[in-house]
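Engineer: My structure is in target_4.txt, and what it holds is compact mmCIF, C-alpha atoms and all ligand atoms:
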```
# COMPACT_ATOMS: atom_id res chain seq x y z
CA MET A 1 17.02 9.81 -24.20
CA TYR A 2 15.73 11.03 -20.84
CA ASN A 3 17.91 12.87 -18.32
CA PHE A 4 19.32 10.64 -15.63
CA GLU A 5 21.59 10.35 -12.60
CA TYR A 6 23.38 7.07 -12.03
CA LYS A 7 25.54 5.90 -9.18
CA ASN A 8 26.25 2.29 -8.30
CA PRO A 9 28.77 1.95 -5.47
CA VAL A 10 28.58 -1.87 -5.09
CA LYS A 11 32.02 -3.46 -5.31
CA ILE A 12 31.90 -6.78 -7.17
CA LEU A 13 34.38 -9.56 -6.40
CA PHE A 14 33.81 -11.96 -9.26
CA GLY A 15 35.32 -15.35 -9.98
CA LYS A 16 36.63 -18.65 -8.71
CA GLU A 17 37.61 -18.71 -5.03
CA SER A 18 36.52 -15.11 -4.57
CA ILE A 19 34.81 -16.04 -1.26
CA SER A 20 38.31 -16.28 0.24
CA LYS A 21 38.66 -12.50 -0.18
CA LEU A 22 35.79 -11.75 2.22
CA ALA A 23 37.85 -10.72 5.24
CA GLY A 24 39.41 -7.84 3.35
CA GLU A 25 35.98 -6.31 2.75
CA ILE A 26 34.58 -6.25 6.30
CA PRO A 27 35.89 -3.90 9.00
CA GLN A 28 38.19 -5.94 11.28
CA ASN A 29 36.43 -5.11 14.53
CA ALA A 30 32.90 -5.58 13.13
CA THR A 31 30.23 -7.50 15.01
CA ILE A 32 28.80 -9.50 12.12
CA LEU A 33 25.37 -11.04 11.73
CA MET A 34 25.57 -13.62 8.97
CA THR A 35 22.18 -14.39 7.41
CA TYR A 36 21.32 -17.43 5.31
CA GLY A 37 18.42 -19.48 4.00
CA GLY A 38 17.13 -23.00 4.50
CA GLY A 39 20.53 -24.67 4.69
CA SER A 40 21.74 -25.05 1.08
CA ILE A 41 24.96 -23.24 2.01
CA LYS A 42 25.79 -25.99 4.49
CA ARG A 43 25.27 -28.71 1.87
CA THR A 44 27.19 -26.91 -0.87
CA GLY A 45 30.27 -26.00 1.12
CA VAL A 46 29.72 -22.24 0.81
CA TYR A 47 29.19 -22.01 4.59
CA ASP A 48 32.57 -23.61 5.25
CA GLN A 49 34.26 -21.29 2.76
CA VAL A 50 32.73 -18.23 4.40
CA MET A 51 33.69 -19.42 7.89
CA ALA A 52 37.24 -20.16 6.76
CA ALA A 53 37.54 -16.72 5.19
CA LEU A 54 36.22 -15.02 8.33
CA LYS A 55 38.18 -17.06 10.87
CA GLY A 56 38.68 -15.08 14.05
CA CYS A 57 35.88 -12.59 13.28
CA ASN A 58 33.02 -11.96 15.67
CA ILE A 59 30.07 -13.65 13.91
CA THR A 60 26.55 -14.56 14.94
CA GLU A 61 24.46 -16.67 12.55
CA PHE A 62 20.83 -16.24 11.61
CA GLY A 63 19.52 -19.03 9.34
CA GLY A 64 16.09 -20.07 8.17
CA ILE A 65 15.25 -17.22 5.82
CA GLU A 66 12.67 -18.71 3.48
CA ALA A 67 12.32 -18.26 -0.30
CA ASN A 68 10.13 -15.17 -0.78
CA PRO A 69 11.36 -14.00 2.63
CA HIS A 70 8.84 -13.31 5.33
CA TYR A 71 8.54 -10.06 7.23
CA GLU A 72 8.00 -12.08 10.38
CA THR A 73 11.37 -13.85 9.98
CA CYS A 74 13.14 -10.57 9.22
CA MET A 75 11.77 -9.06 12.42
CA LYS A 76 13.19 -11.99 14.41
CA ALA A 77 16.57 -11.20 12.87
CA VAL A 78 16.16 -7.54 13.84
CA GLN A 79 15.81 -8.74 17.46
CA VAL A 80 19.07 -10.67 17.15
CA VAL A 81 20.81 -7.62 15.64
CA LYS A 82 19.74 -5.61 18.66
CA GLU A 83 20.65 -8.27 21.23
CA LYS A 84 24.09 -8.88 19.75
CA LYS A 85 24.66 -5.24 18.82
CA ALA A 86 25.60 -6.35 15.31
CA ASP A 87 27.00 -3.55 13.18
CA PHE A 88 27.57 -5.39 9.89
CA LEU A 89 25.26 -7.79 8.05
CA LEU A 90 26.58 -10.49 5.73
CA ALA A 91 23.98 -12.15 3.50
CA VAL A 92 24.98 -15.57 2.14
CA GLY A 93 22.47 -17.00 -0.31
CA GLY A 94 20.10 -16.20 -3.16
CA GLY A 95 17.94 -13.17 -3.78
CA SER A 96 15.66 -14.03 -0.87
CA VAL A 97 18.47 -13.92 1.69
CA LEU A 98 19.87 -10.73 0.18
CA ASP A 99 16.46 -9.03 0.11
CA ALA A 100 15.70 -10.07 3.69
CA THR A 101 19.07 -8.75 4.83
CA LYS A 102 18.44 -5.39 3.17
CA PHE A 103 15.14 -5.11 5.00
CA ILE A 104 16.74 -6.17 8.29
CA ALA A 105 19.44 -3.50 7.75
CA ALA A 106 16.79 -0.81 7.36
CA ALA A 107 14.32 -2.11 9.98
CA ALA A 108 17.01 -2.41 12.69
CA LEU A 109 17.58 1.35 12.59
CA PHE A 110 14.02 2.45 11.76
CA GLU A 111 12.73 4.91 14.32
CA ASN A 112 9.50 6.20 12.79
CA GLY A 113 7.02 3.54 13.87
CA ASP A 114 6.29 0.14 12.36
CA PRO A 115 9.00 -1.06 9.93
CA TRP A 116 6.26 -2.64 7.76
CA ASP A 117 5.55 0.94 6.65
CA ILE A 118 8.86 0.87 4.75
CA LEU A 119 7.21 -1.71 2.48
CA ALA A 120 3.53 -0.88 2.65
CA ALA A 121 3.43 2.88 3.10
CA GLY A 122 6.60 4.09 1.38
CA ALA A 123 8.15 5.25 4.70
CA GLN A 124 11.55 6.79 4.04
CA VAL A 125 14.65 4.79 4.97
CA GLU A 126 16.92 7.33 6.63
CA GLN A 127 19.61 4.97 7.87
CA ALA A 128 20.59 1.32 7.50
CA LEU A 129 23.28 -1.00 8.78
CA PRO A 130 26.06 -1.68 6.27
CA LEU A 131 25.80 -5.03 4.51
CA GLY A 132 27.73 -7.28 2.16
CA ALA A 133 26.70 -10.35 0.19
CA VAL A 134 27.92 -13.72 -1.01
CA LEU A 135 25.56 -14.58 -3.86
CA THR A 136 24.76 -18.24 -4.46
CA LEU A 137 22.04 -17.96 -7.11
CA PRO A 138 22.12 -15.73 -10.21
CA ALA A 139 18.64 -14.34 -10.85
CA THR A 140 17.46 -11.23 -9.07
CA GLY A 141 20.29 -8.72 -9.43
CA SER A 142 19.80 -7.98 -5.72
CA GLU A 143 23.57 -8.24 -5.31
CA MET A 144 24.08 -4.95 -7.14
CA ASN A 145 20.95 -2.92 -6.45
CA GLY A 146 19.05 -1.30 -3.60
CA ASN A 147 15.79 -3.25 -4.00
CA SER A 148 14.17 -5.74 -1.67
CA VAL A 149 10.90 -7.69 -1.85
CA ILE A 150 9.32 -9.01 1.37
CA THR A 151 6.21 -11.10 2.03
CA ARG A 152 3.79 -10.68 4.92
CA ALA A 153 2.59 -14.26 4.98
CA GLU A 154 -0.44 -13.84 7.26
CA ARG A 155 -1.85 -11.18 4.92
CA GLN A 156 -0.75 -12.81 1.64
CA GLU A 157 1.01 -9.56 0.70
CA LYS A 158 4.30 -9.24 -1.18
CA LYS A 159 5.74 -5.73 -1.21
CA ALA A 160 8.93 -4.04 -2.41
CA PHE A 161 11.05 -1.12 -1.29
CA GLY A 162 14.19 0.46 -2.61
CA SER A 163 16.89 2.64 -1.09
CA PRO A 164 20.50 3.37 -1.98
CA LEU A 165 21.23 2.91 1.74
CA VAL A 166 20.70 -0.86 1.44
CA MET A 167 22.91 -1.40 -1.58
CA PRO A 168 25.56 -3.93 -0.55
CA GLN A 169 29.02 -2.50 0.18
CA PHE A 170 30.32 -5.47 -1.78
CA SER A 171 29.02 -8.65 -3.39
CA VAL A 172 31.04 -11.80 -3.92
CA LEU A 173 30.05 -13.65 -7.09
CA ASP A 174 31.66 -17.07 -7.41
CA PRO A 175 30.20 -18.82 -10.48
CA GLU A 176 31.00 -22.21 -8.96
CA CYS A 177 27.96 -21.65 -6.70
CA VAL A 178 25.88 -22.36 -9.81
CA PHE A 179 27.23 -25.94 -9.90
CA THR A 180 24.96 -27.04 -7.05
CA LEU A 181 21.74 -25.37 -8.23
CA PRO A 182 18.77 -27.59 -9.08
CA ASP A 183 17.40 -27.29 -12.65
CA ARG A 184 14.38 -25.42 -11.38
CA GLN A 185 16.46 -22.63 -9.83
CA VAL A 186 18.67 -22.28 -12.92
CA ALA A 187 15.58 -22.01 -15.12
CA ASN A 188 13.93 -19.54 -12.73
CA GLY A 189 17.10 -17.45 -12.72
CA VAL A 190 17.40 -17.32 -16.50
CA VAL A 191 13.74 -16.28 -16.83
CA ASP A 192 13.99 -13.70 -14.04
CA ALA A 193 17.06 -12.04 -15.57
CA PHE A 194 15.48 -12.19 -19.04
CA VAL A 195 12.30 -10.50 -17.83
CA HIS A 196 14.25 -7.86 -15.89
CA VAL A 197 15.74 -6.83 -19.20
CA MET A 198 12.34 -6.92 -20.91
CA GLU A 199 10.81 -4.62 -18.25
CA GLN A 200 13.44 -1.99 -19.07
CA TYR A 201 13.57 -2.55 -22.83
CA LEU A 202 10.17 -3.58 -24.18
CA THR A 203 8.52 -0.16 -23.86
CA TYR A 204 8.72 2.58 -26.49
CA ASN A 205 11.52 4.20 -28.39
CA VAL A 206 13.29 7.22 -26.89
CA ASN A 207 16.21 7.11 -29.28
CA SER A 208 18.59 5.27 -26.98
CA PRO A 209 20.36 2.76 -29.22
CA LEU A 210 23.11 2.06 -26.70
CA GLN A 211 20.66 1.03 -23.96
CA ASP A 212 18.76 -1.04 -26.54
CA ARG A 213 21.87 -2.88 -27.63
CA LEU A 214 23.05 -3.40 -24.05
CA ALA A 215 19.67 -4.91 -23.25
CA GLU A 216 19.71 -7.06 -26.40
CA SER A 217 23.21 -8.30 -25.63
CA ILE A 218 22.06 -9.54 -22.22
CA LEU A 219 19.01 -11.24 -23.79
CA THR A 220 21.10 -12.93 -26.49
CA THR A 221 23.68 -14.08 -23.96
CA LEU A 222 20.97 -15.55 -21.71
CA VAL A 223 19.45 -17.37 -24.71
CA GLU A 224 22.87 -18.83 -25.54
CA GLU A 225 24.23 -19.56 -22.07
CA GLY A 226 21.06 -20.48 -20.12
CA PRO A 227 20.52 -23.80 -21.91
CA LYS A 228 24.25 -24.59 -21.58
CA VAL A 229 24.06 -24.14 -17.80
CA LEU A 230 21.01 -26.38 -17.66
CA ALA A 231 22.64 -29.07 -19.78
CA GLU A 232 26.06 -28.96 -18.13
CA ARG A 233 25.91 -27.65 -14.56
CA LYS A 234 29.68 -27.62 -14.07
CA ASN A 235 30.49 -25.64 -17.22
CA TYR A 236 32.33 -22.79 -15.48
CA ASP A 237 32.26 -20.36 -18.40
CA ALA A 238 28.54 -20.80 -18.97
CA ALA A 239 27.92 -20.36 -15.23
CA ALA A 240 30.07 -17.22 -15.15
CA ASN A 241 28.33 -15.68 -18.14
CA PHE A 242 24.90 -16.50 -16.73
CA MET A 243 25.85 -14.99 -13.37
CA TRP A 244 27.14 -11.75 -14.86
CA CYS A 245 24.08 -11.44 -17.12
CA ALA A 246 21.78 -11.65 -14.10
CA THR A 247 23.74 -8.92 -12.31
CA MET A 248 23.87 -6.65 -15.36
CA ALA A 249 20.14 -7.13 -15.96
CA LEU A 250 19.19 -5.28 -12.79
CA ASN A 251 22.03 -3.06 -11.61
CA GLY A 252 20.44 0.04 -13.10
CA MET A 253 22.75 0.31 -16.11
CA ILE A 254 20.20 -0.56 -18.81
CA ALA A 255 17.45 1.44 -17.06
CA VAL A 256 19.11 4.82 -17.33
CA GLY A 257 17.52 7.29 -19.70
CA VAL A 258 14.71 5.00 -20.85
CA PRO A 259 11.07 4.29 -19.87
CA GLN A 260 10.44 1.25 -17.68
CA ASP A 261 7.43 -1.04 -17.40
CA TRP A 262 7.53 -3.46 -14.37
CA SER A 263 3.87 -4.47 -14.75
CA THR A 264 4.86 -8.12 -15.27
CA HIS A 265 6.63 -8.08 -11.90
CA ILE A 266 3.82 -6.27 -10.10
CA ILE A 267 1.25 -8.81 -11.30
CA GLY A 268 3.68 -11.70 -10.76
CA HIS A 269 4.18 -10.76 -7.10
CA GLU A 270 0.45 -11.28 -6.55
CA LEU A 271 0.65 -14.79 -8.02
CA THR A 272 3.38 -15.55 -5.49
CA ALA A 273 1.48 -13.87 -2.65
CA PHE A 274 -1.75 -15.79 -3.28
CA HIS A 275 -0.51 -19.02 -4.78
CA GLY A 276 3.16 -19.40 -3.78
CA ILE A 277 4.51 -19.71 -7.34
CA ASP A 278 8.29 -19.16 -7.67
CA HIS A 279 9.09 -15.60 -8.67
CA GLY A 280 10.71 -16.42 -12.05
CA ARG A 281 7.79 -18.67 -12.99
CA THR A 282 5.23 -15.96 -12.32
CA LEU A 283 7.04 -13.80 -14.87
CA ALA A 284 6.94 -16.53 -17.51
CA ILE A 285 3.19 -16.71 -17.01
CA VAL A 286 2.50 -12.97 -17.06
CA LEU A 287 4.91 -11.54 -19.65
CA PRO A 288 3.23 -13.17 -22.71
CA GLY A 289 -0.09 -11.73 -21.53
CA VAL A 290 1.39 -8.25 -21.12
CA MET A 291 2.97 -8.44 -24.60
CA HIS A 292 -0.37 -9.52 -26.06
CA ILE A 293 -2.53 -6.85 -24.37
CA LYS A 294 0.03 -4.05 -24.82
CA ARG A 295 0.92 -4.89 -28.41
CA GLU A 296 0.01 -1.36 -29.61
CA ASN A 297 1.95 0.53 -26.89
CA LYS A 298 4.96 -1.71 -27.38
CA LYS A 299 4.72 -2.46 -31.10
CA ASP A 300 8.00 -0.94 -32.32
CA LYS A 301 10.03 -2.48 -29.53
CA ILE A 302 8.38 -5.91 -29.83
CA LEU A 303 9.19 -5.94 -33.54
CA GLN A 304 12.79 -4.84 -32.87
CA TYR A 305 13.15 -7.51 -30.14
CA GLY A 306 11.72 -10.17 -32.46
CA GLU A 307 14.03 -9.29 -35.30
CA ARG A 308 17.21 -8.86 -33.28
CA ILE A 309 16.83 -11.70 -30.76
CA TRP A 310 14.78 -14.27 -32.70
CA ASP A 311 15.34 -13.26 -36.33
CA ILE A 312 11.58 -12.96 -36.91
CA LYS A 313 11.07 -10.70 -39.92
CA ASP A 314 8.23 -12.12 -41.99
CA GLY A 315 4.53 -11.27 -42.02
CA ASP A 316 2.59 -8.13 -41.16
CA ALA A 317 3.11 -6.47 -37.79
CA ASP A 318 0.31 -8.35 -36.02
CA GLU A 319 1.44 -11.73 -37.31
CA ARG A 320 4.99 -10.97 -36.28
CA VAL A 321 3.94 -9.91 -32.78
CA ASP A 322 2.06 -13.21 -32.39
CA ALA A 323 5.08 -15.17 -33.62
CA ILE A 324 7.39 -13.25 -31.28
CA ILE A 325 5.20 -13.95 -28.25
CA ALA A 326 5.05 -17.62 -29.23
CA ARG A 327 8.85 -17.76 -29.62
CA THR A 328 9.34 -16.18 -26.18
CA VAL A 329 6.99 -18.76 -24.62
CA GLU A 330 8.85 -21.51 -26.47
CA PHE A 331 12.13 -20.31 -24.95
CA PHE A 332 10.75 -20.33 -21.40
CA GLU A 333 9.18 -23.76 -21.95
CA SER A 334 12.46 -25.09 -23.36
CA LEU A 335 13.98 -24.30 -19.96
CA GLY A 336 11.24 -26.32 -18.28
CA VAL A 337 9.16 -23.35 -17.16
CA PRO A 338 5.44 -23.64 -17.92
CA CYS A 339 3.75 -20.38 -19.00
CA THR A 340 0.04 -20.83 -18.30
CA LEU A 341 -1.99 -20.66 -15.08
CA PRO A 342 -3.62 -24.12 -15.27
CA GLU A 343 -0.14 -25.68 -15.34
CA TYR A 344 0.29 -24.28 -11.81
CA ASP A 345 -3.24 -25.26 -10.73
CA VAL A 346 -4.22 -21.64 -10.21
CA PRO A 347 -8.01 -21.49 -9.85
CA GLU A 348 -10.09 -18.69 -11.39
CA THR A 349 -10.91 -17.52 -7.88
CA THR A 350 -7.26 -16.50 -7.46
CA ILE A 351 -7.58 -14.29 -10.55
CA ASP A 352 -10.66 -12.73 -8.99
CA LYS A 353 -8.77 -12.00 -5.75
CA ILE A 354 -5.84 -10.45 -7.58
CA VAL A 355 -8.07 -8.30 -9.77
CA GLU A 356 -10.06 -7.16 -6.74
CA ARG A 357 -6.84 -6.10 -4.99
CA PHE A 358 -5.75 -4.02 -7.99
CA LYS A 359 -9.26 -2.56 -8.27
CA GLN A 360 -9.15 -1.43 -4.62
CA SER A 361 -5.67 0.11 -4.99
CA GLU A 362 -6.76 2.18 -8.02
CA ALA A 363 -3.10 2.24 -9.11
CA LYS A 364 -2.08 2.15 -12.76
CA PHE A 365 0.99 0.46 -14.15
CA GLY A 366 3.25 0.14 -17.17
CA GLU A 367 5.55 2.53 -18.97
CA LYS A 368 2.56 4.72 -19.87
CA GLN A 369 0.84 4.25 -16.50
CA ASP A 370 -2.25 3.18 -18.39
CA MET A 371 -2.68 -0.43 -17.23
CA ASP A 372 -5.63 -0.71 -14.84
CA TYR A 373 -7.27 -3.66 -13.10
CA LEU A 374 -9.46 -4.37 -16.14
CA GLU A 375 -6.39 -4.89 -18.30
CA ILE A 376 -4.75 -6.95 -15.57
CA GLU A 377 -7.82 -9.18 -15.63
CA GLN A 378 -7.47 -9.58 -19.41
CA ILE A 379 -3.77 -10.38 -19.02
CA LEU A 380 -4.46 -13.11 -16.48
CA ARG A 381 -7.42 -14.56 -18.41
CA ASN A 382 -5.16 -14.66 -21.48
CA ARG A 383 -2.97 -17.08 -19.51
CA LEU A 384 -5.74 -19.59 -18.67
O1 LIG B 401 17.20 -21.35 1.23
P1 LIG B 401 18.34 -22.18 0.76
O2 LIG B 401 18.50 -23.44 1.51
O3 LIG B 401 19.62 -21.38 0.70
O4 LIG B 401 18.01 -22.69 -0.73
C1 LIG B 401 17.72 -21.83 -1.81
C2 LIG B 401 16.23 -21.72 -2.07
O5 LIG B 401 15.56 -22.89 -1.71
C3 LIG B 401 18.24 -22.43 -3.08
N1 LIG B 401 19.64 -22.11 -3.37
C4 LIG B 401 20.23 -20.89 -3.40
N2 LIG B 401 21.50 -20.99 -3.80
C5 LIG B 401 21.75 -22.31 -4.00
C6 LIG B 401 20.57 -23.03 -3.74
N3 LIG B 401 20.50 -24.36 -3.85
C7 LIG B 401 21.61 -25.02 -4.24
N4 LIG B 401 22.78 -24.38 -4.56
C8 LIG B 401 22.88 -23.04 -4.44
N5 LIG B 401 24.02 -22.41 -4.80
O6 LIG B 401 17.43 -21.89 -4.08
C9 LIG B 401 16.13 -21.63 -3.57
C10 LIG B 401 15.63 -20.28 -4.07
O7 LIG B 401 16.39 -19.25 -3.50
P2 LIG B 401 15.86 -17.72 -3.57
O8 LIG B 401 16.87 -16.87 -2.90
O9 LIG B 401 14.46 -17.66 -3.06
O10 LIG B 401 15.80 -17.45 -5.14
P3 LIG B 401 16.02 -16.12 -5.96
O11 LIG B 401 17.44 -15.73 -5.97
O12 LIG B 401 15.36 -16.39 -7.24
O13 LIG B 401 15.25 -14.99 -5.14
C11 LIG B 401 13.86 -14.80 -5.26
C12 LIG B 401 13.41 -13.62 -4.43
O14 LIG B 401 13.99 -12.39 -4.90
C13 LIG B 401 12.96 -11.43 -5.18
C14 LIG B 401 11.79 -12.31 -5.54
O15 LIG B 401 10.55 -11.61 -5.47
C15 LIG B 401 11.89 -13.42 -4.53
O16 LIG B 401 11.34 -13.04 -3.30
N6 LIG B 401 13.42 -10.45 -6.18
C16 LIG B 401 14.32 -9.52 -5.81
C17 LIG B 401 14.73 -8.52 -6.65
C18 LIG B 401 15.70 -7.49 -6.24
N7 LIG B 401 16.10 -7.45 -4.98
O17 LIG B 401 16.10 -6.65 -7.04
C19 LIG B 401 14.21 -8.39 -8.02
C20 LIG B 401 13.48 -9.60 -8.49
O18 LIG B 401 12.59 -9.20 -9.49
C21 LIG B 401 12.73 -10.35 -7.45
O19 LIG B 401 11.46 -9.75 -7.21
ZN ZN B 402 12.39 -10.48 -11.03
```
Now that the file is in, can you turn its structure into structure tokens?
Ligand code: NZQ
Ligand code: ZN
Structural biologist:
Amino acid sequence: MYNFEYKNPVKILFGKESISKLAGEIPQNATILMTYGGGSIKRTGVYDQVMAALKGCNITEFGGIEANPHYETCMKAVQVVKEKKADFLLAVGGGSVLDATKFIAAAALFENGDPWDILAAGAQVEQALPLGAVLTLPATGSEMNGNSVITRAERQEKKAFGSPLVMPQFSVLDPECVFTLPDRQVANGVVDAFVHVMEQYLTYNVNSPLQDRLAESILTTLVEEGPKVLAERKNYDAAANFMWCATMALNGMIAVGVPQDWSTHIIGHELTAFHGIDHGRTLAIVLPGVMHIKRENKKDKILQYGERIWDIKDGDADERVDAIIARTVEFFESLGVPCTLPEYDVPETTIDKIVERFKQSEAKFGEKQDMDYLEIEQILRNRL
């Protein structure tokens, strides 16, 4: 196992009616900017619950944050923060609203030039406004980490940054929020959480059986509970288990002491940037290609995953790897998530654009930092 340092200060308020506890988490004299998305919170009743919990507080609202949040929208919110002198941000929504709010928190206090540099040039975040979250969609893990992914629409660029300074002070997780999710968002969330685990697990062995089993327990639970949530949206226990799986998948716990991949996400972000495909769906497309091309690097872990999650034990190693990839695809498809590019009408020219971008960047990816643009091209062509 590798050396590591781990600190996660996010307070989680989990369970039914937990939104009512909000007021106790925000300083009483705070000037709050509440951020939200396209309006689902008004239809679902979450908005009313938040307003009831924060009755008497000084709140300004900023709605309209889109899925795959735009830099341009975030910068409008930064203006509002400055005008209203907001000193606490409350994100109410899915991963997009949380990510946008993290960027707003950092950009509002950024003094070293253009805030886009935080995303595009790795500019250091030295301060950020405090923020809290009410999560309405289990998927990203954003509620318990310091990551944020923002899109610059005009340039078709989707970029990430991370800083402990934008970890929420608290996140409210009420599983009843799952009850109003459309099938597509449930399926996206299950796949996203599943692939977060895979990025931190499906690498190579460093003798870390606890991290392996933690990862496998999240995968198994998602395989069991995901279909239940899809079939029965108001099954509270299934919703609660799904929600906690998504948080545990990306709060840093299973990442400690082990190698990490993230190539599926890096390639997936380009499919969203150029073709607008939902984040979770991009992962379902790319992961099978990564498993196929990196079957040697990842062989031991793929075989372990296949045996422990899918009970695949027969055949020689190559046959088993093929069967394991097929079983993974079958699981995603069973949730209603297609796994090939033609099913999303992605033209070959989009592959060319993505490959060209990776070629220009000269960066390498994967747990061994050995995946270049030529392999990325093979991965994408494998998904045609
Ligand atoms: O915008 P509203 O009207 O709120 O509707 C949303 C949106 O249309 C809707 N929704 C959310 N909660 C709902 C609901 N509808 C009914 N009932 C509810 N309870 O769902 C739609 C999708 O929401 P979004 O926030 O975009 O989805 P998700 O949580 O999957 O977030 C995706 C974003 O997170 C990033 C992705 O790249 C993408 O931009 N990620 C963030 C990560 C992180 N911070 O650690 C890691 C991930 O890998 C990911 O990259
Ligand atoms: Zn993800």
Engineer: So, with all atoms listed in the file as the atoms that count, which of A:Ala120, A:Ala249, A:Ala52, A:Ile65 lies closest to ligand ZN 402 (chain B)?
Structural biologist: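 Among the listed residues, A:Ala249 lies closest to ligand ZN 402 (chain B).
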Engineer: Just the number, please: distance in Å from atom CA of A:Arg381 to atom CA of A:Gln360, one decimal.
Structural biologist: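 Between atom CA of A:Arg381 and atom CA of A:Gln360 the gap works out to 19.1 Å.
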Engineer: Could you check the closest approach to A:Asp117 for each of A:Val50, A:Leu33, A:Ile150, A:Leu89 and tell me which residue wins, using all atoms listed in the file?
Structural biologist: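 Result for the nearest residue to A:Asp117: A:Ile150.
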Engineer: Can you work out which one of A:Tyr373, A:Trp262, A:Tyr344, A:Tyr204 has the shortest atom-to-atom distance to A:Lys298, counting all atoms listed in the file?
Structural biologist: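 Closest residue, counting all atoms listed in the file: A:Tyr204.
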Engineer: What lies within 9 Å of A:Glu72 using only C-alpha atoms, ignoring chain neighbours under 6 positions off, as a count of residues only?
Structural biologist: 3
Engineer: Counting only C-alpha atoms, what is within 9 Å of A:Asp212, bar same-chain residues fewer than 5 positions away, as a list in words?
Structural biologist: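 Skipping anything fewer than 5 positions along the chain leaves Tyr201, Asn207, Ser217 and Ile254 of chain A.
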Engineer: Since we have the selection now, will you write its residues out, keeping C-alpha atoms, as a CSV table (one decimal), in the frame of the given file?
Structural biologist:
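Writing done, so here's out_30.csv:
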```
chain,number,residue,atom,x,y,z
A,201,TYR,CA,13.6,-2.6,-22.8
A,207,ASN,CA,16.2,7.1,-29.3
A,217,SER,CA,23.2,-8.3,-25.6
A,254,ILE,CA,20.2,-0.6,-18.8
```
Engineer: Enumerate residues in contact with ligand ZN 402 (chain B): an atom-to-atom distance of at most 10 Å, counting only C-alpha atoms and all ligand atoms. Format the result as a PyMOL selection string.
Structural biologist: chain A and resi 95+139-142+149+188-189+191-197+199+246+249-250+262+264-266+268-269+279-283
Engineer: Which one is closest to A:His275: A:Glu375, A:Glu330, A:Asp311, A:Glu157? Count only C-alpha atoms.
Structural biologist: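 Comparing A:Glu375, A:Glu330, A:Asp311, A:Glu157 against A:His275, the winner is A:Glu157.
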Engineer: Pick from A:Leu219, A:Ala30, A:Leu98, A:Ala240: nearest to ligand LIG 401 (chain B), with only C-alpha atoms and all ligand atoms counted?
Structural biologist: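 Checking each candidate against ligand LIG 401 (chain B), we get A:Leu98 as the closest.
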Engineer: Which residue gives the smallest distance to A:Lys299 among A:Ser18, A:Gln49, A:Thr203, A:Val286, with only C-alpha atoms counted?
Structural biologist: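 That would be A:Thr203, the residue with the smallest distance to A:Lys299.
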Engineer: Pick out the residues sitting within 12 Å of A:Ile41, and hand them over as a PyMOL selection string; count all atoms listed in the file, and ignore anything fewer than 3 positions along from it in its own chain.
Structural biologist: chain A and resi 34-38+44-51+63-64+91-94+97+134-137+177-178+180-181
Engineer: First collect every listed atom of stretch 68-81 of chain A; then fit an axis-aligned box around them, widen it by 4 Å on each side, and give centre and edge lengths in Å to one decimal, as AutoDock Vina command-line options.
Structural biologist:
```
--center_x 14.4 --center_y -11.4 --center_z 8.3 --size_x 20.8 --size_y 15.6 --size_z 26.2
```
Engineer: With all atoms listed in the file as the counted atoms, please give the residues lying no more than 9 Å from A:Glu362, apart from itself and same-chain residues fewer than 4 positions off, as an MDAnalysis selection string.
Structural biologist: chainID A and resid 357:358 372:373
Engineer: Identify, on the basis of all atoms listed in the file, every residue whose closest approach to A:Glu307 does not exceed 12 Å; exclude the query and any residue fewer than 3 positions from it along the same chain; express the result as a list in words.
Structural biologist: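 The residues satisfying every condition are Glu216, Thr220, Asp300, Lys301, Ile302, Leu303, Gln304, Trp310, Asp311, Ile312, Lys313, Asp314, Gly315, Ala317, Arg320, Val321, Ala323, Ile324 and Arg327 of chain A.
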Engineer: Please compute the atom C12 of ligand LIG 401 (chain B)-atom CA of A:His70 distance, one decimal, in Å.
Structural biologist: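 Here the two named atoms are 10.8 Å from each other.
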Engineer: May I have the protein, DNA and RNA residues with an atom at most 9 Å from (23.1, -3.7, 16.2), counting all atoms listed in the file in the file's coordinates, returned as a CSV table (one decimal) with C-alpha atoms, in the coordinates of the input?
Structural biologist:
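selection_17.csv was written with the following content:
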```csv
chain,number,residue,atom,x,y,z
A,31,THR,CA,30.2,-7.5,15.0
A,33,LEU,CA,25.4,-11.0,11.7
A,78,VAL,CA,16.2,-7.5,13.8
A,79,GLN,CA,15.8,-8.7,17.5
A,80,VAL,CA,19.1,-10.7,17.2
A,81,VAL,CA,20.8,-7.6,15.6
A,82,LYS,CA,19.7,-5.6,18.7
A,83,GLU,CA,20.6,-8.3,21.2
A,84,LYS,CA,24.1,-8.9,19.8
A,85,LYS,CA,24.7,-5.2,18.8
A,86,ALA,CA,25.6,-6.4,15.3
A,87,ASP,CA,27.0,-3.6,13.2
A,88,PHE,CA,27.6,-5.4,9.9
A,108,ALA,CA,17.0,-2.4,12.7
A,109,LEU,CA,17.6,1.4,12.6
A,129,LEU,CA,23.3,-1.0,8.8
```
